[in-house]
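So this block is structure28.csv, CSV, C-alpha atoms and all ligand atoms:
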chain,number,residue,atom,x,y,z
A,1,MET,CA,-19.1,-10.8,1.7
A,2,ILE,CA,-16.2,-10.7,4.2
A,3,GLU,CA,-14.4,-7.4,4.7
A,4,ILE,CA,-10.8,-6.7,5.8
A,5,GLU,CA,-12.2,-5.2,9.0
A,6,ASP,CA,-13.8,-8.6,9.9
A,7,LEU,CA,-10.4,-10.3,10.1
A,8,GLU,CA,-8.9,-10.8,13.6
A,9,GLU,CA,-5.5,-9.7,12.1
A,10,TYR,CA,-7.0,-6.4,11.2
A,11,GLN,CA,-8.4,-5.9,14.8
A,12,LEU,CA,-5.1,-6.8,16.3
A,13,ILE,CA,-3.3,-4.1,14.2
A,14,ARG,CA,-6.0,-1.5,14.7
A,15,ASN,CA,-5.9,-2.0,18.5
A,16,ALA,CA,-2.1,-1.9,18.7
A,17,LYS,CA,-2.0,1.3,16.5
A,18,ASP,CA,-4.6,3.0,18.7
A,19,GLU,CA,-2.9,2.0,21.9
A,20,MET,CA,0.5,3.3,20.7
A,21,VAL,CA,-0.9,6.7,19.7
A,22,HIS,CA,-3.2,7.1,22.8
A,23,SER,CA,-0.3,6.3,25.1
A,24,MET,CA,1.6,9.4,23.9
A,25,ASP,CA,1.9,12.4,26.2
A,26,ASP,CA,-1.2,14.6,25.7
A,27,ARG,CA,1.0,17.7,25.5
A,28,SER,CA,2.8,16.3,22.4
A,29,HIS,CA,2.2,18.4,19.3
A,30,MET,CA,2.6,15.3,17.3
A,31,LYS,CA,-0.2,13.4,19.0
A,32,LYS,CA,-3.1,15.5,17.6
A,33,MET,CA,-1.8,15.0,14.1
A,34,LEU,CA,-1.4,11.3,14.6
A,35,LEU,CA,-4.9,11.1,16.1
A,36,HIS,CA,-6.3,12.8,13.0
A,37,ILE,CA,-4.5,10.4,10.7
A,38,CYS,CA,-5.6,7.4,12.8
A,39,SER,CA,-9.2,8.7,12.9
A,40,SER,CA,-9.5,8.1,9.2
A,41,GLY,CA,-8.9,4.4,9.8
A,42,GLY,CA,-7.6,2.9,6.6
A,43,LYS,CA,-7.7,-0.8,5.8
A,44,ASN,CA,-4.3,-1.6,7.3
A,45,ILE,CA,-3.8,-3.9,4.2
A,46,ARG,CA,0.0,-4.1,4.3
A,47,PRO,CA,0.3,-4.9,8.0
A,48,VAL,CA,-2.6,-7.4,7.6
A,49,MET,CA,-0.7,-9.1,4.8
A,50,LEU,CA,2.5,-9.2,6.9
A,51,VAL,CA,0.7,-10.9,9.8
A,52,LEU,CA,-1.0,-13.4,7.5
A,53,CYS,CA,2.3,-14.2,5.9
A,54,THR,CA,3.8,-14.9,9.3
A,55,GLU,CA,0.9,-17.2,10.2
A,56,MET,CA,1.1,-19.0,6.8
A,57,CYS,CA,4.8,-19.7,7.4
A,58,GLY,CA,4.0,-21.2,10.8
A,59,GLY,CA,4.6,-18.2,13.1
A,60,ASN,CA,2.2,-16.4,15.4
A,61,SER,CA,0.6,-13.0,15.0
A,62,GLU,CA,1.9,-11.6,18.3
A,63,SER,CA,5.5,-11.9,17.2
A,64,SER,CA,4.9,-9.9,14.0
A,65,ILE,CA,2.8,-7.0,15.5
A,66,LYS,CA,5.7,-4.5,15.9
A,67,ALA,CA,6.9,-5.2,12.3
A,68,ALA,CA,3.3,-4.8,11.1
A,69,LEU,CA,3.1,-1.4,12.8
A,70,ALA,CA,6.5,-0.4,11.4
A,71,ILE,CA,5.1,-1.1,7.9
A,72,GLU,CA,1.9,0.8,8.6
A,73,PHE,CA,3.7,3.8,10.0
A,74,ILE,CA,6.1,4.1,7.1
A,75,HIS,CA,3.1,3.8,4.8
A,76,SER,CA,1.3,6.6,6.6
A,77,ALA,CA,4.4,8.7,6.4
A,78,SER,CA,4.7,8.1,2.6
A,79,LEU,CA,1.0,9.2,2.2
A,80,ILE,CA,1.5,12.4,4.2
A,81,HIS,CA,4.5,13.2,2.0
A,82,ASP,CA,2.8,12.1,-1.2
A,83,ASP,CA,-0.1,14.5,-0.4
A,84,VAL,CA,2.3,17.3,0.0
A,85,LEU,CA,3.9,16.4,-3.4
A,86,ASP,CA,0.7,15.9,-5.4
A,87,GLY,CA,-1.4,18.5,-3.6
A,88,GLY,CA,-3.7,15.8,-2.1
A,89,LEU,CA,-6.6,17.5,-0.4
A,90,MET,CA,-8.6,14.5,1.0
A,91,ARG,CA,-7.3,11.2,2.2
A,92,ARG,CA,-9.4,8.3,3.4
A,93,GLY,CA,-12.4,10.7,3.6
A,94,VAL,CA,-10.8,13.3,5.8
A,95,GLU,CA,-8.7,16.4,5.2
A,96,SER,CA,-5.1,15.6,4.3
A,97,ALA,CA,-2.5,16.3,7.0
A,98,HIS,CA,-0.8,19.3,5.2
A,99,LYS,CA,-4.2,20.8,4.4
A,100,LYS,CA,-5.2,20.7,8.1
A,101,TYR,CA,-1.9,21.4,9.8
A,102,GLY,CA,0.2,23.1,7.1
A,103,ILE,CA,3.1,21.7,5.1
A,104,PRO,CA,5.9,22.1,7.7
A,105,ALA,CA,4.0,20.2,10.4
A,106,ALA,CA,2.9,17.5,7.9
A,107,ILE,CA,6.5,16.9,6.8
A,108,LEU,CA,7.6,16.6,10.4
A,109,CYS,CA,4.7,14.2,11.2
A,110,GLY,CA,6.0,12.0,8.3
A,111,ASP,CA,9.5,12.2,9.8
A,112,PHE,CA,8.2,11.2,13.2
A,113,LEU,CA,6.4,8.2,11.7
A,114,ILE,CA,9.5,7.1,9.7
A,115,SER,CA,11.6,7.3,12.8
A,116,LYS,CA,9.0,5.4,14.9
A,117,ALA,CA,8.9,2.7,12.2
A,118,ILE,CA,12.7,2.3,12.2
A,119,SER,CA,12.7,1.9,16.0
A,120,LEU,CA,9.9,-0.8,15.7
A,121,ILE,CA,11.6,-2.8,13.0
A,122,SER,CA,15.0,-2.6,14.6
A,123,GLY,CA,14.0,-5.3,17.1
A,124,TYR,CA,13.9,-7.9,14.2
A,125,GLY,CA,16.8,-9.6,12.4
A,126,ASN,CA,19.0,-8.3,9.6
A,127,ASN,CA,16.8,-9.8,6.8
A,128,ALA,CA,13.7,-8.0,8.0
A,129,VAL,CA,15.5,-4.7,8.6
A,130,ASN,CA,17.1,-4.9,5.1
A,131,GLU,CA,13.7,-5.6,3.4
A,132,PHE,CA,12.4,-2.6,5.3
A,133,GLY,CA,15.2,-0.3,4.2
A,134,ARG,CA,15.0,-1.5,0.6
A,135,ALA,CA,11.3,-0.7,0.4
A,136,GLY,CA,11.8,2.8,1.8
A,137,MET,CA,14.4,3.6,-0.8
A,138,TYR,CA,12.3,2.1,-3.6
A,139,MET,CA,9.3,4.1,-2.5
A,140,ALA,CA,11.2,7.4,-2.7
A,141,GLU,CA,12.7,6.4,-6.0
A,142,GLY,CA,9.2,5.4,-7.4
A,143,GLU,CA,7.8,8.7,-6.3
A,144,THR,CA,10.5,10.5,-8.1
A,145,ILE,CA,9.6,8.7,-11.3
A,146,ASP,CA,5.9,9.5,-10.5
A,147,ILE,CA,6.5,13.3,-10.2
A,148,SER,CA,8.3,13.3,-13.6
A,149,SER,CA,5.5,11.3,-15.3
A,150,VAL,CA,4.0,14.3,-17.0
A,151,SER,CA,6.0,13.9,-20.1
A,152,GLU,CA,4.7,12.2,-23.3
A,153,GLU,CA,7.8,10.0,-23.0
A,154,PHE,CA,6.3,8.3,-20.0
A,155,ARG,CA,5.3,4.9,-21.4
A,156,GLU,CA,3.9,1.5,-20.1
A,157,ARG,CA,7.4,0.3,-19.1
A,158,ASN,CA,8.0,3.5,-17.1
A,159,TYR,CA,4.6,3.2,-15.4
A,160,PHE,CA,5.4,-0.4,-14.3
A,161,GLU,CA,8.8,0.6,-12.9
A,162,CYS,CA,7.1,3.5,-11.1
A,163,ILE,CA,4.3,1.5,-9.4
A,164,SER,CA,6.6,-1.5,-8.6
A,165,LYS,CA,8.8,0.9,-6.7
A,166,LYS,CA,6.4,3.3,-5.2
A,167,THR,CA,3.6,0.8,-4.2
A,168,GLY,CA,4.7,-2.8,-5.0
A,169,SER,CA,7.9,-2.5,-2.9
A,170,LEU,CA,6.1,-2.0,0.4
A,171,PHE,CA,3.6,-4.8,-0.2
A,172,ALA,CA,6.7,-7.0,-1.2
A,173,ALA,CA,8.5,-6.1,2.0
A,174,SER,CA,5.4,-6.7,4.1
A,175,ALA,CA,5.1,-10.3,2.8
A,176,ALA,CA,8.8,-11.0,3.0
A,177,ILE,CA,9.2,-9.6,6.5
A,178,GLY,CA,6.1,-11.7,7.5
A,179,ALA,CA,8.0,-14.8,6.4
A,180,TYR,CA,11.2,-13.9,8.1
A,181,VAL,CA,9.4,-13.2,11.4
A,182,ALA,CA,8.1,-16.8,11.2
A,183,GLY,CA,11.7,-18.0,10.7
A,184,ALA,CA,11.2,-18.9,7.1
A,185,ASP,CA,14.3,-19.2,4.9
A,186,GLU,CA,15.3,-16.8,2.1
A,187,GLU,CA,13.8,-18.9,-0.7
A,188,ILE,CA,10.3,-18.7,0.9
A,189,ALA,CA,10.7,-15.0,1.8
A,190,LEU,CA,11.7,-14.2,-1.8
A,191,LYS,CA,8.7,-16.1,-3.1
A,192,LEU,CA,6.4,-14.1,-0.8
A,193,ARG,CA,8.2,-10.9,-1.7
A,194,LEU,CA,7.2,-11.5,-5.3
A,195,PHE,CA,3.7,-12.4,-4.3
A,196,GLY,CA,3.5,-9.0,-2.4
A,197,GLU,CA,4.8,-7.1,-5.4
A,198,TYR,CA,2.2,-8.6,-7.7
A,199,VAL,CA,-0.6,-7.7,-5.2
A,200,GLY,CA,0.7,-4.2,-4.7
A,201,ASN,CA,1.0,-3.6,-8.4
A,202,ALA,CA,-2.6,-4.9,-9.0
A,203,TYR,CA,-3.8,-2.6,-6.1
A,204,GLN,CA,-2.1,0.5,-7.7
A,205,ILE,CA,-3.4,-0.2,-11.2
A,206,VAL,CA,-6.9,-0.6,-9.7
A,207,ASP,CA,-6.5,2.7,-7.8
A,208,ASP,CA,-5.3,4.4,-11.0
A,209,LEU,CA,-8.2,2.9,-13.0
A,210,LEU,CA,-10.7,4.1,-10.5
A,211,GLU,CA,-9.2,7.6,-10.6
A,212,TYR,CA,-9.4,7.5,-14.4
A,213,LEU,CA,-13.0,6.5,-14.2
A,214,ASN,CA,-13.7,9.2,-11.6
A,215,LYS,CA,-14.8,6.6,-9.0
A,216,LEU,CA,-12.7,7.7,-6.0
A,217,GLU,CA,-14.8,9.5,-3.5
A,218,ASP,CA,-12.6,9.4,-0.4
A,219,LYS,CA,-9.6,11.2,-1.9
A,220,SER,CA,-8.8,14.0,-4.3
A,221,SER,CA,-5.5,15.5,-5.5
A,222,THR,CA,-4.6,18.7,-7.3
A,223,TYR,CA,-2.0,17.1,-9.6
A,224,GLU,CA,-2.6,13.8,-11.4
A,225,SER,CA,0.1,11.5,-12.6
A,226,VAL,CA,0.2,9.8,-16.0
A,227,THR,CA,-1.4,6.4,-15.3
A,228,LEU,CA,-1.8,3.1,-17.3
A,229,PRO,CA,-5.3,3.8,-18.7
A,230,LEU,CA,-4.1,7.3,-19.8
A,231,ILE,CA,-1.1,5.7,-21.5
A,232,TYR,CA,-3.3,3.2,-23.3
A,233,ARG,CA,-5.8,5.9,-24.2
A,234,ARG,CA,-3.2,7.6,-26.4
A,235,ALA,CA,-3.4,4.7,-28.8
A,236,MET,CA,-7.1,3.5,-28.5
A,237,GLY,CA,-10.6,4.3,-27.5
A,238,HIS,CA,-11.9,4.6,-23.9
A,239,ASP,CA,-13.4,1.1,-23.6
A,240,ALA,CA,-10.4,-0.6,-25.1
A,241,ALA,CA,-8.0,1.3,-22.7
A,242,VAL,CA,-10.1,0.3,-19.7
A,243,GLU,CA,-10.2,-3.4,-20.9
A,244,LYS,CA,-6.5,-3.5,-21.5
A,245,THR,CA,-5.8,-1.9,-18.0
A,246,LEU,CA,-8.2,-4.5,-16.5
A,247,ASN,CA,-6.3,-7.3,-18.1
A,248,GLN,CA,-3.1,-6.1,-16.5
A,249,VAL,CA,-4.9,-6.2,-13.1
A,250,LEU,CA,-6.1,-9.8,-13.7
A,251,LEU,CA,-2.6,-10.9,-14.8
A,252,CYS,CA,-1.0,-9.5,-11.6
A,253,VAL,CA,-3.7,-11.2,-9.5
A,254,GLN,CA,-3.2,-14.5,-11.3
A,255,ASN,CA,0.5,-14.3,-10.8
A,256,ALA,CA,0.1,-13.5,-7.1
A,257,LYS,CA,-2.3,-16.5,-6.6
A,258,ALA,CA,0.0,-18.8,-8.5
A,259,ILE,CA,2.7,-18.1,-5.9
A,260,LEU,CA,0.2,-18.6,-3.0
A,261,SER,CA,-0.8,-22.0,-4.5
A,262,GLN,CA,2.7,-23.3,-3.8
A,263,PHE,CA,2.0,-23.1,-0.1
A,264,PRO,CA,0.2,-25.8,1.9
A,265,SER,CA,-3.4,-25.3,2.8
A,266,SER,CA,-4.0,-23.1,5.9
A,267,ASN,CA,-6.4,-20.6,7.3
A,268,ALA,CA,-3.9,-17.8,6.7
A,269,LYS,CA,-3.4,-18.8,3.1
A,270,ASP,CA,-7.2,-18.7,2.5
A,271,LYS,CA,-7.3,-15.2,4.1
A,272,LEU,CA,-4.4,-14.0,1.9
A,273,GLU,CA,-6.4,-15.1,-1.2
A,274,ILE,CA,-9.5,-13.3,0.0
A,275,VAL,CA,-7.5,-10.1,0.8
A,276,THR,CA,-5.8,-10.3,-2.6
A,277,ASP,CA,-9.3,-10.2,-4.3
A,278,LEU,CA,-10.7,-7.6,-1.8
A,279,ILE,CA,-8.2,-5.0,-2.5
A,280,THR,CA,-8.0,-5.5,-6.3
A,281,VAL,CA,-10.7,-7.1,-8.4
A,282,ASP,CA,-13.5,-6.6,-5.8
A,283,MET,CA,-12.8,-2.9,-5.8
A,284,LEU,CA,-13.9,-2.5,-9.4
A,285,PRO,CA,-17.4,-1.3,-10.0
A,286,ASP,CA,-19.9,-3.5,-11.9
A,287,ASP,CA,-20.6,-0.7,-14.4
A,288,ILE,CA,-17.0,-0.4,-15.5
A,289,PHE,CA,-17.8,-0.1,-19.2
B,1,LIG,C1,0.6,7.2,-3.4
B,1,LIG,O1,0.5,7.2,-4.8
B,1,LIG,C2,2.0,7.2,-3.0
B,1,LIG,C3,2.8,6.1,-2.8
B,1,LIG,C4,2.3,4.8,-3.0
B,1,LIG,C5,4.2,6.3,-2.3
B,1,LIG,C6,4.6,7.6,-1.8
B,1,LIG,C7,6.1,7.6,-1.5
B,1,LIG,C8,6.8,8.7,-1.1
B,1,LIG,C9,6.2,10.1,-0.9
B,1,LIG,C10,8.2,8.5,-0.7
B,1,LIG,C11,8.3,8.6,0.8
B,1,LIG,C12,9.1,7.5,1.2
B,1,LIG,C13,9.1,7.1,2.5
B,1,LIG,C14,10.0,6.0,2.8
B,1,LIG,C15,8.3,7.6,3.6
B,1,LIG,P1,-0.7,8.0,-5.6
B,1,LIG,O2,-0.5,9.4,-5.5
B,1,LIG,O3,-0.8,7.4,-6.9
B,1,LIG,O4,-1.9,7.5,-4.7
B,1,LIG,P2,-3.0,8.3,-4.0
B,1,LIG,O5,-4.1,8.4,-5.0
B,1,LIG,O6,-3.4,7.4,-2.8
B,1,LIG,O7,-2.5,9.6,-3.5
B,2,MG,MG,-1.3,11.0,-4.3

Take the structure from the file and write it as structure tokens.
Amino acid sequence: MIEIEDLEEYQLIRNAKDEMVHSMDDRSHMKKMLLHICSSGGKNIRPVMLVLCTEMCGGNSESSIKAALAIEFIHSASLIHDDVLDGGLMRRGVESAHKKYGIPAAILCGDFLISKAISLISGYGNNAVNEFGRAGMYMAEGETIDISSVSEEFRERNYFECISKKTGSLFAASAAIGAYVAGADEEIALKLRLFGEYVGNAYQIVDDLLEYLNKLEDKSSTYESVTLPLIYRRAMGHDAAVEKTLNQVLLCVQNAKAILSQFPSSNAKDKLEIVTDLITVDMLPDDIF
């Protein structure tokens, strides 16, 4: 089975990211934290999606690389801050930034990454920059919904608003920015924005389902949010709650693919379909029930 790491778009991003961090002054306090964060790798899913959307819309990968890095850096910043907020101890198999370097340094590392991301995206047009800003605001808003999710009042509707904002929004911006970089018009970019949002939502529901099933080995948090399987579990048995959650994943994936099917055949489109499955349904264990 093909893995994300096998894609040339992944390698392109990985190399650009490593080059950017390694080129920093060795005396920089920030560099060692960034090296730690980069050492844990990550799948670079969002930037890969951005580059593939550029390619599917007729553009070339080189032109989208800075935008892709901007997305990856703001994503990394959000995870560093998220780990501070929910007491995350492990991230991608390594110690979280605040655990290793302390909360003040971790917050500043996030600030650095957000600023670097802004400078990288600023070289693109208004549409791309607006998508980027919109996603950042939604992510912070989604996270505020998340941290207040402990109450019994937190229902399915609240959950979907939360994940669309905290996770779907950056996938959505990645896909839309990818289209804009290729010179696509607003109609195409908005279609791809919706595609990205469905993929991001499916990804988050899968992540929450894996956490509910205790299947996440490469990360751990002190505080856990109220997630979809937990909401369903209030009204039904374990298996039924898992099945209902799974159906929501399948629905998002189906909706995402229905949008992709409107685009002409291309190598990049095939890869986007593969990536959609790889980060959603393919993540689910065979022994789910
Ligand atoms: C992970 O959720 C967290 C997010 C998807 C978003 C976090 C966003 C912020 C902290 C706002 C910061 C905003 C900007 C613009 C930097 P999770 O805790 O469910 O997933 P996890 O299991 O991977 O921790
Ligand atoms: Mg977290």

Residues within 8 Å of ligand MG 2 (chain B), counting all atoms listed in the file, as a PyMOL selection string: chain A and resi 79+82-83+85-88+221+224

Selected residue, from A:Asp146, A:Glu19, A:Glu5, A:Asp282, that lies nearest to ligand LIG 1 (chain B) when counting only C-alpha atoms and all ligand atoms: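 Smallest distance to ligand LIG 1 (chain B) is found for A:Asp146.
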
How close does chain A get to ligand LIG 1 (chain B)? List, as a tab-separated table, each residue of chain A within 6 Å, its nearest atom pair and the distance in Å to one decimal, counting only C-alpha atoms and all ligand atoms.
residue	atom	partner	partner_atom	distance
A:Ile74	CA	B:LIG1	C15	5.4
A:Ala77	CA	B:LIG1	C15	4.9
A:Ser78	CA	B:LIG1	C15	3.8
A:Leu79	CA	B:LIG1	C6	5.6
A:His81	CA	B:LIG1	C9	4.6
A:Asp82	CA	B:LIG1	C9	4.0
A:Gly136	CA	B:LIG1	C14	3.8
A:Met139	CA	B:LIG1	C7	4.8
A:Ala140	CA	B:LIG1	C10	3.8
A:Glu143	CA	B:LIG1	C7	5.2
A:Lys166	CA	B:LIG1	C5	4.7
A:Thr167	CA	B:LIG1	C4	4.4

CA of Val94 (chain A) to CA of Val281 (chain A), distance in Å rounded to a single decimal: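 About the pair CA of Val94 (chain A) and CA of Val281 (chain A): they are 24.9 Å apart.
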
Answer as number ranges by chain, residues within 12 Å of (-4.3, 1.0, 17.1) using only C-alpha atoms: A: 9-23, 34-35, 37-44, 47, 65-66, 68-69, 72-73

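Here CA of Leu216 (chain A) is placed at a distance of 21.1 Å from CA of Val150 (chain A).
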
For Ser174 (chain A): contacts at 8 Å, all atoms listed in the file, fewer than 2 positions along chain excluded, given as a PyMOL selection string: chain A and resi 46-47+49-50+68+71+170-172+176-178+193+196

How would the residues just chosen look if you wrote them out with C-alpha atoms as a PDB file, in the coordinates of the input?
ATOM      1  CA  ARG A  46       0.000  -4.100   4.300  1.00  0.00           C
ATOM      2  CA  PRO A  47       0.300  -4.900   8.000  1.00  0.00           C
ATOM      3  CA  MET A  49      -0.700  -9.100   4.800  1.00  0.00           C
ATOM      4  CA  LEU A  50       2.500  -9.200   6.900  1.00  0.00           C
ATOM      5  CA  ALA A  68       3.300  -4.800  11.100  1.00  0.00           C
ATOM      6  CA  ILE A  71       5.100  -1.100   7.900  1.00  0.00           C
ATOM      7  CA  LEU A 170       6.100  -2.000   0.400  1.00  0.00           C
ATOM      8  CA  PHE A 171       3.600  -4.800  -0.200  1.00  0.00           C
ATOM      9  CA  ALA A 172       6.700  -7.000  -1.200  1.00  0.00           C
ATOM     10  CA  ALA A 176       8.800 -11.000   3.000  1.00  0.00           C
ATOM     11  CA  ILE A 177       9.200  -9.600   6.500  1.00  0.00           C
ATOM     12  CA  GLY A 178       6.100 -11.700   7.500  1.00  0.00           C
ATOM     13  CA  ARG A 193       8.200 -10.900  -1.700  1.00  0.00           C
ATOM     14  CA  GLY A 196       3.500  -9.000  -2.400  1.00  0.00           C
TER      15      GLY A 196
END

Selected residue, from A:Met33, A:Gly58, A:Glu217, A:Gly183, that lies nearest to Gly110 (chain A) when counting only C-alpha atoms: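 The closest residue to Gly110 (chain A) is A:Met33.
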
Test item: residues at most 9 Å from Val249 (chain A), all atoms listed in the file, excluding those fewer than 4 positions along its chain, as a list in words: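 In the requested form, the answer reads Asn201, Ala202, Tyr203, Ile205, Val206, Lys244, Thr245, Val253, Gln254, Thr280 and Val281 of chain A.
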
Residue among A:Cys53, A:Ser151, A:Val84, A:Glu186 lying closest to Ile107 (chain A), counting all atoms listed in the file: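 For Ile107 (chain A), the nearest of the given residues is A:Val84.
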
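The spacing separating CA of Ser149 (chain A) from CA of Ser225 (chain A) amounts to 6.0 Å.
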
Proximity to Glu62 (chain A) - best of A:Ile4, A:Val181, A:Ala117, A:Cys162, only C-alpha atoms: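 Residue with the minimum atom-to-atom distance to Glu62 (chain A): A:Val181.
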
From A:Asp25, A:Glu131, A:Glu95, A:Asp6, residue lying nearest Leu190 (chain A) [all atoms listed in the file]: A:Glu131

Selection near Phe263 (chain A), 10 Å with all atoms listed in the file, sequence-local residues under 5 positions removed, as a PyMOL selection string: chain A and resi 56-57+188+258+269

Around region 47-57 of chain A, with edges along x, y and z and 4 Å added on all six sides, what centre and edge lengths do you get, in Å to one decimal, as JSON?
{"center_x": 1.1, "center_y": -12.3, "center_z": 7.5, "size_x": 15.4, "size_y": 22.8, "size_z": 13.4}

Surrounding residues of Leu108 (chain A) excluding itself and chain neighbours under 5 positions, 10 Å, all atoms listed in the file, as a ChimeraX atom specification: /A:30,77,80-81,103,113-114

Residue with smallest distance to Leu7 (chain A) - pool A:Ile279, A:Lys271, A:Lys116, A:Asp286, counting only C-alpha atoms: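 Smallest distance to Leu7 (chain A) is found for A:Lys271.
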
Radius query 8 Å about (11.0, -2.4, 11.5), atoms used: all atoms listed in the file, as a list in words: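 Output: Lys66, Ala67, Ala70, Ile71, Ala117, Ile118, Ser119, Leu120, Ile121, Ser122, Gly123, Tyr124, Ala128, Val129 and Phe132 of chain A.
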
For the residues in that selection, give me C-alpha atoms as a PDB file, in the frame of the given file.
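Saved the output as selection.pdb:
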ATOM      1  CA  LYS A  66       5.700  -4.500  15.900  1.00  0.00           C
ATOM      2  CA  ALA A  67       6.900  -5.200  12.300  1.00  0.00           C
ATOM      3  CA  ALA A  70       6.500  -0.400  11.400  1.00  0.00           C
ATOM      4  CA  ILE A  71       5.100  -1.100   7.900  1.00  0.00           C
ATOM      5  CA  ALA A 117       8.900   2.700  12.200  1.00  0.00           C
ATOM      6  CA  ILE A 118      12.700   2.300  12.200  1.00  0.00           C
ATOM      7  CA  SER A 119      12.700   1.900  16.000  1.00  0.00           C
ATOM      8  CA  LEU A 120       9.900  -0.800  15.700  1.00  0.00           C
ATOM      9  CA  ILE A 121      11.600  -2.800  13.000  1.00  0.00           C
ATOM     10  CA  SER A 122      15.000  -2.600  14.600  1.00  0.00           C
ATOM     11  CA  GLY A 123      14.000  -5.300  17.100  1.00  0.00           C
ATOM     12  CA  TYR A 124      13.900  -7.900  14.200  1.00  0.00           C
ATOM     13  CA  ALA A 128      13.700  -8.000   8.000  1.00  0.00           C
ATOM     14  CA  VAL A 129      15.500  -4.700   8.600  1.00  0.00           C
ATOM     15  CA  PHE A 132      12.400  -2.600   5.300  1.00  0.00           C
TER      16      PHE A 132
END

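Non-sequential neighbours of Ser261 (chain A) (distance at most 12 Å, separation of 4 or more positions within a chain, all atoms listed in the file) are Met56, Lys191, Leu192, Phe195, Gln254, Asn255, Ala256, Lys257, Ser265, Ser266, Lys269, Asp270, Leu272 and Glu273 of chain A.
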
Where atoms are lacking, region 13-18 of chain A completed to all heavy atoms, as an mmCIF file, in the coordinates of the input:
data_model
loop_
_atom_site.group_PDB
_atom_site.id
_atom_site.type_symbol
_atom_site.label_atom_id
_atom_site.label_comp_id
_atom_site.auth_asym_id
_atom_site.auth_seq_id
_atom_site.Cartn_x
_atom_site.Cartn_y
_atom_site.Cartn_z
ATOM 1 N N ILE A 13 -4.107 -5.244 14.678
ATOM 2 C CA ILE A 13 -3.300 -4.100 14.200
ATOM 3 C C ILE A 13 -3.963 -2.780 14.652
ATOM 4 O O ILE A 13 -3.332 -1.879 15.177
ATOM 5 C CB ILE A 13 -3.069 -4.141 12.718
ATOM 6 C CG1 ILE A 13 -2.144 -5.302 12.399
ATOM 7 C CG2 ILE A 13 -2.491 -2.843 12.187
ATOM 8 C CD1 ILE A 13 -2.371 -5.902 11.047
ATOM 9 N N ARG A 14 -5.238 -2.702 14.416
ATOM 10 C CA ARG A 14 -6.000 -1.500 14.700
ATOM 11 C C ARG A 14 -5.831 -1.154 16.238
ATOM 12 O O ARG A 14 -5.547 -0.025 16.613
ATOM 13 C CB ARG A 14 -7.466 -1.781 14.385
ATOM 14 C CG ARG A 14 -8.488 -0.754 14.742
ATOM 15 C CD ARG A 14 -8.815 0.118 13.602
ATOM 16 N NE ARG A 14 -8.722 1.495 14.078
ATOM 17 C CZ ARG A 14 -9.412 2.492 13.629
ATOM 18 N NH1 ARG A 14 -10.200 2.321 12.620
ATOM 19 N NH2 ARG A 14 -9.293 3.689 14.139
ATOM 20 N N ASN A 15 -5.985 -2.201 17.095
ATOM 21 C CA ASN A 15 -5.900 -2.000 18.500
ATOM 22 C C ASN A 15 -4.452 -1.545 18.916
ATOM 23 O O ASN A 15 -4.264 -0.624 19.715
ATOM 24 C CB ASN A 15 -6.249 -3.236 19.333
ATOM 25 C CG ASN A 15 -7.723 -3.555 19.160
ATOM 26 O OD1 ASN A 15 -8.502 -2.690 18.762
ATOM 27 N ND2 ASN A 15 -8.112 -4.805 19.423
ATOM 28 N N ALA A 16 -3.456 -2.217 18.334
ATOM 29 C CA ALA A 16 -2.100 -1.900 18.700
ATOM 30 C C ALA A 16 -1.723 -0.467 18.242
ATOM 31 O O ALA A 16 -1.035 0.267 18.947
ATOM 32 C CB ALA A 16 -1.112 -2.894 17.995
ATOM 33 N N LYS A 17 -2.239 -0.079 17.077
ATOM 34 C CA LYS A 17 -2.000 1.300 16.500
ATOM 35 C C LYS A 17 -2.639 2.316 17.463
ATOM 36 O O LYS A 17 -1.991 3.275 17.875
ATOM 37 C CB LYS A 17 -2.576 1.349 15.131
ATOM 38 C CG LYS A 17 -2.077 2.494 14.313
ATOM 39 C CD LYS A 17 -2.284 2.218 12.832
ATOM 40 C CE LYS A 17 -3.566 2.753 12.293
ATOM 41 N NZ LYS A 17 -3.730 2.621 10.839
ATOM 42 N N ASP A 18 -3.905 2.089 17.801
ATOM 43 C CA ASP A 18 -4.600 3.000 18.700
ATOM 44 C C ASP A 18 -3.920 3.161 20.026
ATOM 45 O O ASP A 18 -3.758 4.255 20.552
ATOM 46 C CB ASP A 18 -6.068 2.574 18.907
ATOM 47 C CG ASP A 18 -6.927 2.814 17.671
ATOM 48 O OD1 ASP A 18 -6.441 3.509 16.758
ATOM 49 O OD2 ASP A 18 -8.055 2.299 17.618
#
